[in-house]
Amino acid sequence: MHRFLVSAAHKSSGKTTVSIGLAAALRSRGLVVQPFKKGPDYIDPLWLGLAAGRACHNLDFFLSPNDELRSSFARHGFAADVCLVEGNKGLYDGLDLKGSNSNAALARLLDLPVILVLDARGMTRGIAPLILGYQAFDPALKIAGVVLNRLGGHRHESKLRAVIEHYTDVPVIGAVQDDARLALVERHLGLMPANETAAAERHVSEIARLVGAQVDLDRLLTATATTTAFPHPLPSRAADAPKVRIAIARDAAFGFYYADDMDALSAAGAELVPFDACRDPHLPACDGLFIGGGFPECFADELEANATLRAEILDAIETGLPTYAECGGLMYLARSIAWKGKTRRMVGAIAGDIVMHDKPVGRGYVILQPTAAHPWPGAQAAPAPLHAHEFHYSSIEQLPADTRYAYEVKRGHGVDGSNDGIIYKNLLASYTHLRATAGCDWPARFVQFVRAAHNPKSTPMENQPCSR
């Protein structure tokens, strides 16, 4: 087995492109590659999952305790030949002075060697003290090799290799030339998601070809080999109650879903029925509805044009269909979206209008306190705070003064800096993205809410509310 973490000295060094290329190139050798992504991210996992041919799973210190991170890594990596973890930001960057949630901390926790991707533009001899400093800063961390990225030619590569070989003991396992064909399209919220473009598979194949030809894959596998086996995962136990059908928007506009959440919904008894909010004229027959995050502003014309589906969703919510929406889903369920001088009509279930801004309105981790109005089963008189995250460039305007909310915001922004989780009939819509963890089993609570709406005599859940 082979396990490693891909990190960089700083963000925007090209580690995502290198990670995608490595995952796809190793997969093309016939190896089973399980990708992971550190932190709260949807877009990189979409690309990594496409490259590996397996759903990418997130590992997040803010949302999960250490034991759960170890367990998740072992459970999903058990059957893989290669476990590739892509870090976020720089190797030692983190929320606190001690770097307790840094890439380096995750590498130590999971006993992973680090492959360091270095943006080599404009560097020659100065690359040696950089590598030596990263080694000396945490001697317990194993930097198994470096990948030189965005090189200015083969002469530049030769100089860097000579410097690194002379001054350090870290092997250069790859040297990737600066090449426009490796670029991933970026826009206002980061990379373009892989679910939006039909050319994504071809792009991944091209990245795999270029990275695979410039990284010594054999040397990489040798440097990251381990004989430590994962424990055999315990079989998952499916819910005993009858299944409920939950329609889920999965298309170019809405694609931000955690793989763990999908697994947890299924385990709780949900049959997930996908539909395309841009193209499908009708909502599939369902007991509940889930619309996750995405970029509805980029597909506002298509969403507005699909008036039949918008009308059906509005009617379903008005007649009590249990519905959950996150961020992009909240935007779609509002009356309208205004962006770049244009306003497009949306579903209208939420009595408010979405306005896009040039800078983030809410970005980063959030802490929410559930209110007594929270509609899902499992709430207590004094539920524990919920750890989650948000990332939105929009705000919702003109909400009624009597709007009910499921959460008080203790950290973050949410809807208005103080509240999040708009409640309307059986709809809960928030800017916050939840994640199924040991302390926040939101999928089971939502499934039970759906089940109870169709069978009021069903037994309420007895599990604890979402908490850390």
# chains A, B, ... in the order shown; residues from 1 in each chain; ligands from 1
>>> select_by_dssp(residues="range 350-455 of chain A", states="strand (DSSP E)", output="number ranges by chain")
A: 353-356, 362-370, 386-392, 394-397, 404-411, 419-424, 427-430
>>> write_last_selection(atoms="C-alpha atoms", output="compact mmCIF listing (two decimals), in the first residue's frame")
# COMPACT_ATOMS: atom_id res chain seq x y z
CA ASP A 353 -34.11 38.27 -3.17
CA ILE A 354 -30.50 37.24 -3.75
CA VAL A 355 -27.90 39.89 -4.56
CA MET A 356 -24.40 38.88 -5.68
CA GLY A 362 -19.56 34.77 4.46
CA ARG A 363 -16.40 32.72 4.21
CA GLY A 364 -14.88 30.11 6.51
CA TYR A 365 -15.90 28.06 9.51
CA VAL A 366 -19.07 28.80 11.42
CA ILE A 367 -20.45 27.92 14.83
CA LEU A 368 -24.23 27.81 15.11
CA GLN A 369 -26.54 27.46 18.08
CA PRO A 370 -29.73 25.58 17.12
CA LEU A 386 -22.86 23.07 15.70
CA HIS A 387 -19.56 23.33 13.80
CA ALA A 388 -19.91 23.80 10.03
CA HIS A 389 -18.74 26.15 7.24
CA GLU A 390 -19.93 28.70 4.68
CA PHE A 391 -18.63 30.32 1.51
CA HIS A 392 -20.91 32.72 -0.34
CA SER A 394 -24.32 36.64 -2.03
CA SER A 395 -26.73 38.09 0.49
CA ILE A 396 -30.48 37.71 0.76
CA GLU A 397 -32.43 40.95 0.92
CA ARG A 404 -38.05 32.23 11.63
CA TYR A 405 -34.54 30.82 11.92
CA ALA A 406 -33.14 27.43 12.91
CA TYR A 407 -29.79 28.81 14.12
CA GLU A 408 -28.19 31.68 15.97
CA VAL A 409 -24.78 32.50 14.48
CA LYS A 410 -21.99 32.43 17.09
CA ARG A 411 -19.21 32.58 14.51
CA ASN A 419 -29.14 34.15 12.15
CA ASP A 420 -29.12 31.33 9.64
CA GLY A 421 -31.44 28.53 8.59
CA ILE A 422 -34.60 30.09 7.19
CA ILE A 423 -37.69 28.08 8.14
CA TYR A 424 -40.83 28.14 6.02
CA LEU A 427 -38.40 23.96 4.40
CA LEU A 428 -35.07 24.60 6.10
CA ALA A 429 -32.66 26.68 3.96
CA SER A 430 -29.30 28.00 5.15
>>> residues_around(residues="Arg344 in chain A", least_positions_apart="5", cutoff="7 Å", atoms="only C-alpha atoms", output="PyMOL selection string")
chain A and resi 300-301+304+336-338
>>> residues_around(residues="Ala74 in chain A", least_positions_apart="2", cutoff="8 Å", atoms="only C-alpha atoms", output="MDAnalysis selection string")
chainID A and resid 70:72 76:78 230:231 233
>>> select_by_dssp(residues="range 124-290 of chain A", states="helix (DSSP H, G or I)", output="PyMOL selection string")
chain A and resi 127-137+154-167+180-182+194-196+200-214+217-223+259-267
>>> write_last_selection(atoms="C-alpha atoms", output="compact mmCIF listing (two decimals), in the first residue's frame")
# COMPACT_ATOMS: atom_id res chain seq x y z
CA ILE A 127 15.00 26.85 -3.07
CA ALA A 128 17.51 25.04 -0.82
CA PRO A 129 16.95 27.09 2.37
CA LEU A 130 13.23 26.87 1.74
CA ILE A 131 13.32 23.06 1.77
CA LEU A 132 15.77 22.96 4.68
CA GLY A 133 13.55 25.30 6.67
CA TYR A 134 10.49 23.16 6.07
CA GLN A 135 12.42 20.11 7.25
CA ALA A 136 13.84 21.82 10.34
CA PHE A 137 10.54 23.41 11.40
CA HIS A 154 14.85 22.45 -18.81
CA ARG A 155 17.80 24.72 -17.99
CA HIS A 156 15.84 26.07 -15.01
CA GLU A 157 15.06 22.50 -13.95
CA SER A 158 18.73 21.46 -14.14
CA LYS A 159 19.82 24.35 -11.91
CA LEU A 160 17.20 23.57 -9.28
CA ARG A 161 18.00 19.87 -9.27
CA ALA A 162 21.70 20.62 -8.78
CA VAL A 163 21.01 23.01 -5.89
CA ILE A 164 18.61 20.63 -4.12
CA GLU A 165 20.93 17.64 -4.55
CA HIS A 166 23.93 19.61 -3.23
CA TYR A 167 22.33 21.20 -0.16
CA ALA A 180 -1.17 26.26 -20.18
CA ARG A 181 -2.66 22.82 -20.80
CA LEU A 182 -2.38 22.10 -17.06
CA ALA A 194 -15.77 19.35 -12.72
CA ASN A 195 -19.54 18.75 -12.82
CA GLU A 196 -20.06 21.85 -14.99
CA ALA A 200 -13.63 17.61 -17.63
CA GLU A 201 -12.68 13.99 -18.36
CA ARG A 202 -10.59 14.99 -21.37
CA HIS A 203 -8.89 17.68 -19.28
CA VAL A 204 -8.10 15.20 -16.52
CA SER A 205 -6.64 12.79 -19.09
CA GLU A 206 -4.40 15.54 -20.46
CA ILE A 207 -3.26 16.54 -16.96
CA ALA A 208 -2.53 12.88 -16.17
CA ARG A 209 -0.47 12.53 -19.34
CA LEU A 210 1.60 15.65 -18.66
CA VAL A 211 2.10 15.10 -14.93
CA GLY A 212 2.68 11.36 -15.34
CA ALA A 213 5.43 12.03 -17.88
CA GLN A 214 7.20 14.55 -15.61
CA LEU A 217 5.83 7.52 -10.43
CA ASP A 218 7.98 4.52 -9.48
CA ARG A 219 10.07 6.68 -7.19
CA LEU A 220 6.91 8.19 -5.73
CA LEU A 221 5.49 4.75 -4.95
CA THR A 222 8.76 3.61 -3.40
CA ALA A 223 8.97 6.70 -1.19
CA ALA A 259 -19.59 11.84 -0.19
CA ASP A 260 -19.98 11.07 3.52
CA ASP A 261 -23.33 12.87 3.57
CA MET A 262 -24.58 10.82 0.62
CA ASP A 263 -23.53 7.62 2.38
CA ALA A 264 -25.19 8.75 5.62
CA LEU A 265 -28.45 9.62 3.86
CA SER A 266 -28.56 6.18 2.28
CA ALA A 267 -27.71 4.49 5.57
>>> closest_residue(among="A:Ile246, A:Gly174, A:Ala401, A:Pro443", to="Ala285 in chain A", atoms="only C-alpha atoms")
A:Ile246
>>> residues_around(residues="Val32 in chain A", least_positions_apart="6", cutoff="12 Å", atoms="only C-alpha atoms", output="ChimeraX atom specification")
/A:1-3,23-26,49,51-55,76-84
>>> residues_around(residues="Ile248 in chain A", least_positions_apart="6", cutoff="9 Å", atoms="only C-alpha atoms", output="PyMOL selection string")
chain A and resi 272-276+288-292
>>> write_last_selection(atoms="N, CA and C atoms", output="PDB file, in the first residue's frame")
ATOM      1  N   LEU A 272     -31.953   8.149  -2.884  1.00  0.00           N
ATOM      2  CA  LEU A 272     -31.672   9.434  -3.508  1.00  0.00           C
ATOM      3  C   LEU A 272     -32.022   9.388  -4.989  1.00  0.00           C
ATOM      4  N   VAL A 273     -32.881  10.309  -5.413  1.00  0.00           N
ATOM      5  CA  VAL A 273     -33.374  10.341  -6.791  1.00  0.00           C
ATOM      6  C   VAL A 273     -32.882  11.630  -7.445  1.00  0.00           C
ATOM      7  N   PRO A 274     -31.842  11.564  -8.283  1.00  0.00           N
ATOM      8  CA  PRO A 274     -31.285  12.800  -8.851  1.00  0.00           C
ATOM      9  C   PRO A 274     -32.184  13.410  -9.925  1.00  0.00           C
ATOM     10  N   PHE A 275     -32.118  14.730 -10.031  1.00  0.00           N
ATOM     11  CA  PHE A 275     -32.790  15.434 -11.118  1.00  0.00           C
ATOM     12  C   PHE A 275     -31.944  16.631 -11.516  1.00  0.00           C
ATOM     13  N   ASP A 276     -32.190  17.159 -12.704  1.00  0.00           N
ATOM     14  CA  ASP A 276     -31.445  18.285 -13.262  1.00  0.00           C
ATOM     15  C   ASP A 276     -32.330  19.521 -13.209  1.00  0.00           C
ATOM     16  N   GLY A 288     -39.246  13.790  -0.074  1.00  0.00           N
ATOM     17  CA  GLY A 288     -38.483  14.927   0.423  1.00  0.00           C
ATOM     18  C   GLY A 288     -37.603  15.474  -0.677  1.00  0.00           C
ATOM     19  N   LEU A 289     -37.017  16.638  -0.440  1.00  0.00           N
ATOM     20  CA  LEU A 289     -36.215  17.328  -1.455  1.00  0.00           C
ATOM     21  C   LEU A 289     -34.958  17.888  -0.813  1.00  0.00           C
ATOM     22  N   PHE A 290     -33.813  17.721  -1.496  1.00  0.00           N
ATOM     23  CA  PHE A 290     -32.528  18.242  -1.033  1.00  0.00           C
ATOM     24  C   PHE A 290     -31.866  18.960  -2.198  1.00  0.00           C
ATOM     25  N   ILE A 291     -31.565  20.253  -1.999  1.00  0.00           N
ATOM     26  CA  ILE A 291     -30.848  21.034  -3.011  1.00  0.00           C
ATOM     27  C   ILE A 291     -29.596  21.583  -2.356  1.00  0.00           C
ATOM     28  N   GLY A 292     -28.453  21.079  -2.758  1.00  0.00           N
ATOM     29  CA  GLY A 292     -27.195  21.466  -2.146  1.00  0.00           C
ATOM     30  C   GLY A 292     -26.610  22.731  -2.746  1.00  0.00           C
TER      31      GLY A 292
END
>>> atom_distance(atom1="CA of Pro383 in chain A", atom2="CA of Thr371 in chain A")
8.1 Å
>>> atom_distance(atom1="CA of Pro377 in chain A", atom2="CA of Ala277 in chain A")
28.4 Å
>>> closest_atom_pairs(of="range 276-329 of chain A", to="range 251-257 of chain A", cutoff="12 Å", atoms="only C-alpha atoms", output="tab-separated table")
residue	atom	partner	partner_atom	distance
A:Asp276	CA	A:Asp251	CA	5.2
A:Ala277	CA	A:Asp251	CA	6.9
A:Cys278	CA	A:Ala253	CA	7.4
A:Arg279	CA	A:Asp251	CA	8.9
A:Asp280	CA	A:Asp251	CA	10.2
A:Phe290	CA	A:Tyr257	CA	10.2
A:Ile291	CA	A:Phe254	CA	7.1
A:Gly292	CA	A:Phe256	CA	5.8
A:Gly293	CA	A:Phe256	CA	4.8
A:Gly294	CA	A:Phe254	CA	4.3
A:Phe295	CA	A:Ala253	CA	5.2
A:Pro296	CA	A:Ala253	CA	5.0
A:Glu297	CA	A:Ala253	CA	8.2
A:Cys298	CA	A:Ala253	CA	7.4
A:Phe299	CA	A:Ala253	CA	6.0
A:Ala300	CA	A:Ala253	CA	8.7
A:Asp301	CA	A:Ala253	CA	11.0
A:Glu302	CA	A:Ala253	CA	9.3
A:Leu303	CA	A:Ala253	CA	8.5
A:Ala325	CA	A:Phe254	CA	10.6
A:Glu326	CA	A:Phe256	CA	9.1
A:Cys327	CA	A:Phe256	CA	9.6
A:Gly328	CA	A:Phe254	CA	7.0
A:Gly329	CA	A:Phe254	CA	7.5
>>> write_last_selection(atoms="C-alpha atoms", output="mmCIF file, in the first residue's frame")
data_model
loop_
_atom_site.group_PDB
_atom_site.id
_atom_site.type_symbol
_atom_site.label_atom_id
_atom_site.label_comp_id
_atom_site.auth_asym_id
_atom_site.auth_seq_id
_atom_site.Cartn_x
_atom_site.Cartn_y
_atom_site.Cartn_z
ATOM 1 C CA ASP A 276 -31.445 18.285 -13.262
ATOM 2 C CA ALA A 277 -32.794 21.671 -12.162
ATOM 3 C CA CYS A 278 -31.683 23.233 -15.445
ATOM 4 C CA ARG A 279 -33.232 20.702 -17.814
ATOM 5 C CA ASP A 280 -35.770 18.366 -16.216
ATOM 6 C CA PHE A 290 -32.528 18.242 -1.033
ATOM 7 C CA ILE A 291 -30.848 21.034 -3.011
ATOM 8 C CA GLY A 292 -27.195 21.466 -2.146
ATOM 9 C CA GLY A 293 -24.675 24.153 -2.937
ATOM 10 C CA GLY A 294 -23.365 25.222 -6.302
ATOM 11 C CA PHE A 295 -23.357 28.187 -8.648
ATOM 12 C CA PRO A 296 -26.976 28.986 -9.533
ATOM 13 C CA GLU A 297 -25.925 32.526 -10.487
ATOM 14 C CA CYS A 298 -23.885 31.100 -13.371
ATOM 15 C CA PHE A 299 -26.898 29.141 -14.626
ATOM 16 C CA ALA A 300 -29.600 31.657 -13.757
ATOM 17 C CA ASP A 301 -30.832 31.842 -17.366
ATOM 18 C CA GLU A 302 -31.336 28.076 -17.560
ATOM 19 C CA LEU A 303 -32.920 27.893 -14.102
ATOM 20 C CA ALA A 325 -31.380 23.581 0.939
ATOM 21 C CA GLU A 326 -27.783 24.742 1.429
ATOM 22 C CA CYS A 327 -26.286 27.970 0.073
ATOM 23 C CA GLY A 328 -26.859 27.636 -3.693
ATOM 24 C CA GLY A 329 -30.059 25.777 -2.912
#
>>> atom_distance(atom1="CA of Asp216 in chain A", atom2="CA of Ala9 in chain A")
20.7 Å
>>> residues_around(residues="Ala104 in chain A", least_positions_apart="2", cutoff="6 Å", atoms="only C-alpha atoms", output="count of residues only")
5
>>> closest_residue(among="A:Lys98, A:Tyr258, A:Val244, A:Glu271", to="Gly39 in chain A", atoms="only C-alpha atoms")
A:Tyr258
>>> closest_residue(among="A:Gly14, A:Gly414, A:Pro113, A:Pro35", to="Ile143 in chain A", atoms="only C-alpha atoms")
A:Pro113
>>> residues_around(residues="range 59-61 of chain A", least_positions_apart="6", cutoff="8 Å", atoms="only C-alpha atoms", output="VMD selection string")
chain A and resid 36 to 40 69 72 to 73 101
